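To keep things clear, I will list the structure first and then write my remarks on it.
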Amino acid sequence: QVQLVESGGGLVQAGGSLRLSCAASGSIFGVNVMGWYRQAPGKQRELVATITRSGDTDYGDSVKGRFTISRDNAKNTVYLQMNSLKPEDTAVYYCNSKSLTTLIEYWGRGTQVTVSS
């Protein structure tokens with residue numbers, strides 16, 4: 001199994017920045033893709049950003065140009081730098097890991113991000 005622990009959420013004013021971190025532990029040798037998803041109240045969980053082990057990235061349309069995902073393979077940690085935050089970015093942000101071989105994925109417990117207007 002893979003354990004994912006998120007940190008870095010909080011309250012920020014619109015236009016501000018936050019950086020989320022997700023530390024992975026356990027059976028991480030099979031993890032190919034790590035990423036961030038978010039879920040706002042009353043809405044479905046949506047893609048924020050993903051990154052492969054080799055560094056290929058993908059972003060949701062609503063965060064392109066504002067958020068940057070990165071990973072430190074030596075530390076088994078993925079980061080999400082969030083700039084120019086908007087009130088509509090308010091959500092619980094979840095870390096995700098996925099094996100492209102087994103398709104097994106794991107989720108963290110989530111961290112709350114609240115952007116005030």
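The chains in the structure tokens are called A, B, ... from first to last as shown; in each chain the residues are counted from 1, and the ligands are counted from 1 in the order shown.
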query: Could you pull out the strand (DSSP E or B) residues of chain A from DSSP and send them as number ranges by chain?
result: A: 2-7, 10-13, 18-26, 33-39, 46-52, 57-59, 67-72, 77-82, 91-98, 105-107, 111-116
With the cut-off set at 6 Å and counting only C-alpha atoms, tabulate each residue of stretch 60-97 of chain A with an atom at most that distance from an atom of stretch 104-111 of chain A, showing the nearest atom pair and its distance in Å to one decimal, ordered by chain and increasing number, as a tab-separated table.
residue	atom	partner	partner_atom	distance
A:Val92	CA	A:Thr111	CA	5.4
A:Tyr93	CA	A:Gly110	CA	5.2
A:Tyr94	CA	A:Gly110	CA	4.3
A:Cys95	CA	A:Gly108	CA	5.1
A:Asn96	CA	A:Trp107	CA	4.7
A:Ser97	CA	A:Tyr106	CA	5.3
Can I get the selected residues back with C-alpha atoms, as an mmCIF file, in the first residue's frame?
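Printed below is again_7.cif as written:
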data_model
loop_
_atom_site.group_PDB
_atom_site.id
_atom_site.type_symbol
_atom_site.label_atom_id
_atom_site.label_comp_id
_atom_site.auth_asym_id
_atom_site.auth_seq_id
_atom_site.Cartn_x
_atom_site.Cartn_y
_atom_site.Cartn_z
ATOM 1 C CA VAL A 92 -10.375 20.256 -0.328
ATOM 2 C CA TYR A 93 -7.241 19.266 -2.213
ATOM 3 C CA TYR A 94 -6.405 15.575 -2.392
ATOM 4 C CA CYS A 95 -3.122 13.953 -3.270
ATOM 5 C CA ASN A 96 -3.313 10.931 -5.558
ATOM 6 C CA SER A 97 -0.898 8.246 -6.674
#
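When atom CA of A:Ser117 is paired with atom CA of A:Leu20, their separation reads 20.4 Å.
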Proximity check stretch 31-57 of chain A to stretch 63-70 of chain A, 9 Å, nearest pairs one decimal Å, only C-alpha atoms, as a tab-separated table:
residue	atom	partner	partner_atom	distance
A:Gly35	CA	A:Ile69	CA	7.9
A:Trp36	CA	A:Ile69	CA	8.5
A:Val48	CA	A:Val63	CA	6.8
A:Ala49	CA	A:Ile69	CA	6.5
A:Thr50	CA	A:Ile69	CA	7.0
A:Ile51	CA	A:Ile69	CA	6.9
A:Gly55	CA	A:Ser70	CA	7.6
A:Thr57	CA	A:Ile69	CA	7.4
Those selected residues, please, written with C-alpha atoms and delivered as a PDB file, in the first residue's frame.
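See out-v6.pdb below for the written result:
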ATOM      1  CA  GLY A  35      -1.163  14.372  -8.714  1.00  0.00           C
ATOM      2  CA  TRP A  36      -3.628  16.685  -7.084  1.00  0.00           C
ATOM      3  CA  VAL A  48      -5.881  19.917 -10.727  1.00  0.00           C
ATOM      4  CA  ALA A  49      -2.547  18.569 -11.956  1.00  0.00           C
ATOM      5  CA  THR A  50      -0.588  15.358 -12.433  1.00  0.00           C
ATOM      6  CA  ILE A  51       3.073  14.564 -12.928  1.00  0.00           C
ATOM      7  CA  GLY A  55       8.336  14.854 -15.119  1.00  0.00           C
ATOM      8  CA  THR A  57       2.742  17.209 -16.424  1.00  0.00           C
TER       9      THR A  57
END
task: For A:Val115, please output as a PyMOL selection string all residues within 9 Å (counting only C-alpha atoms; exclusion window: fewer than 5 positions along the same chain).
output: chain A and resi 10-16+85-91
Export of the given selection (N, CA, C and O atoms) as a short mmCIF file (atom, residue, chain, number, x, y, z; two decimals), in the first residue's frame:
data_model
loop_
_atom_site.label_atom_id
_atom_site.label_comp_id
_atom_site.auth_asym_id
_atom_site.auth_seq_id
_atom_site.Cartn_x
_atom_site.Cartn_y
_atom_site.Cartn_z
N GLY A 10 -4.62 26.04 3.83
CA GLY A 10 -4.91 27.13 4.75
C GLY A 10 -5.80 28.17 4.13
O GLY A 10 -6.44 27.94 3.10
N LEU A 11 -5.84 29.33 4.77
CA LEU A 11 -6.67 30.45 4.34
C LEU A 11 -5.77 31.52 3.73
O LEU A 11 -4.75 31.90 4.33
N VAL A 12 -6.15 32.00 2.56
CA VAL A 12 -5.37 33.02 1.88
C VAL A 12 -6.32 33.97 1.16
O VAL A 12 -7.42 33.57 0.77
N GLN A 13 -5.88 35.20 0.98
CA GLN A 13 -6.70 36.16 0.25
C GLN A 13 -6.55 35.95 -1.25
O GLN A 13 -5.53 35.42 -1.72
N ALA A 14 -7.56 36.38 -1.97
CA ALA A 14 -7.51 36.29 -3.43
C ALA A 14 -6.26 37.00 -3.94
O ALA A 14 -5.89 38.08 -3.46
N GLY A 15 -5.60 36.36 -4.91
CA GLY A 15 -4.36 36.90 -5.45
C GLY A 15 -3.12 36.37 -4.75
O GLY A 15 -2.00 36.57 -5.24
N GLY A 16 -3.31 35.71 -3.64
CA GLY A 16 -2.19 35.18 -2.89
C GLY A 16 -1.71 33.84 -3.40
O GLY A 16 -2.18 33.34 -4.43
N LEU A 85 -4.34 32.98 -6.62
CA LEU A 85 -5.50 32.20 -6.17
C LEU A 85 -6.78 33.01 -6.26
O LEU A 85 -6.80 34.23 -6.05
N LYS A 86 -7.86 32.29 -6.57
CA LYS A 86 -9.18 32.89 -6.72
C LYS A 86 -10.14 32.24 -5.73
O LYS A 86 -9.92 31.09 -5.32
N PRO A 87 -11.21 32.93 -5.37
CA PRO A 87 -12.19 32.30 -4.46
C PRO A 87 -12.70 30.96 -4.98
O PRO A 87 -12.97 30.05 -4.19
N GLU A 88 -12.80 30.82 -6.30
CA GLU A 88 -13.28 29.55 -6.86
C GLU A 88 -12.27 28.42 -6.75
O GLU A 88 -12.59 27.27 -7.08
N ASP A 89 -11.08 28.70 -6.26
CA ASP A 89 -10.10 27.65 -5.99
C ASP A 89 -10.34 27.01 -4.63
O ASP A 89 -9.69 26.02 -4.27
N THR A 90 -11.27 27.57 -3.86
CA THR A 90 -11.59 27.02 -2.55
C THR A 90 -12.12 25.60 -2.68
O THR A 90 -13.07 25.35 -3.41
N ALA A 91 -11.47 24.67 -1.98
CA ALA A 91 -11.83 23.25 -2.06
C ALA A 91 -10.95 22.46 -1.11
O ALA A 91 -9.98 22.99 -0.55
#
- prompt: Interatomic distance between atom CA of A:Arg53 and atom CA of A:Thr114?
  reply: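 Atom-to-atom, atom CA of A:Arg53 to atom CA of A:Thr114, that is 29.3 Å.
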message: Residues within 10 Å of A:Asn32, please, as JSON, numbers by chain. Count only C-alpha atoms; anything in the same chain fewer than 6 positions from it doesn't count.
response: {"A": [51, 52, 53, 54, 97, 98, 99, 100, 101, 103]}
Return as CSV the residues of stretch 5-56 of chain A lying at most 7 Å from stretch 72-82 of chain A, together with the closest atom-to-atom pair for each and the distance in Å to one decimal, counting only C-alpha atoms, with rows in chain order and ascending residue number.
residue,atom,partner,partner_atom,distance
A:Ser17,CA,A:Met82,CA,5.4
A:Leu18,CA,A:Met82,CA,5.2
A:Arg19,CA,A:Gln81,CA,4.4
A:Leu20,CA,A:Leu80,CA,5.0
A:Ser21,CA,A:Tyr79,CA,4.5
A:Cys22,CA,A:Val78,CA,5.2
A:Ala23,CA,A:Thr77,CA,4.5
A:Ala24,CA,A:Asn76,CA,5.4
statement: Taken to one decimal, the atom CA of A:Phe29-atom CA of A:Val113 distance is 29.5 Å
- prompt: Of the candidates A:Gly9, A:Gly60, A:Gly42, A:Gly26, which shows the shortest atom-to-atom distance to A:Gln112, using only C-alpha atoms?
  reply: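 When distances to A:Gln112 are compared using only C-alpha atoms, the smallest one comes from A:Gly9.
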- prompt: Residues of stretch 12-112 of chain A in helix (DSSP H, G or I) according to DSSP, as a VMD selection string?
  reply: chain A and resid 28 to 30 87 to 89
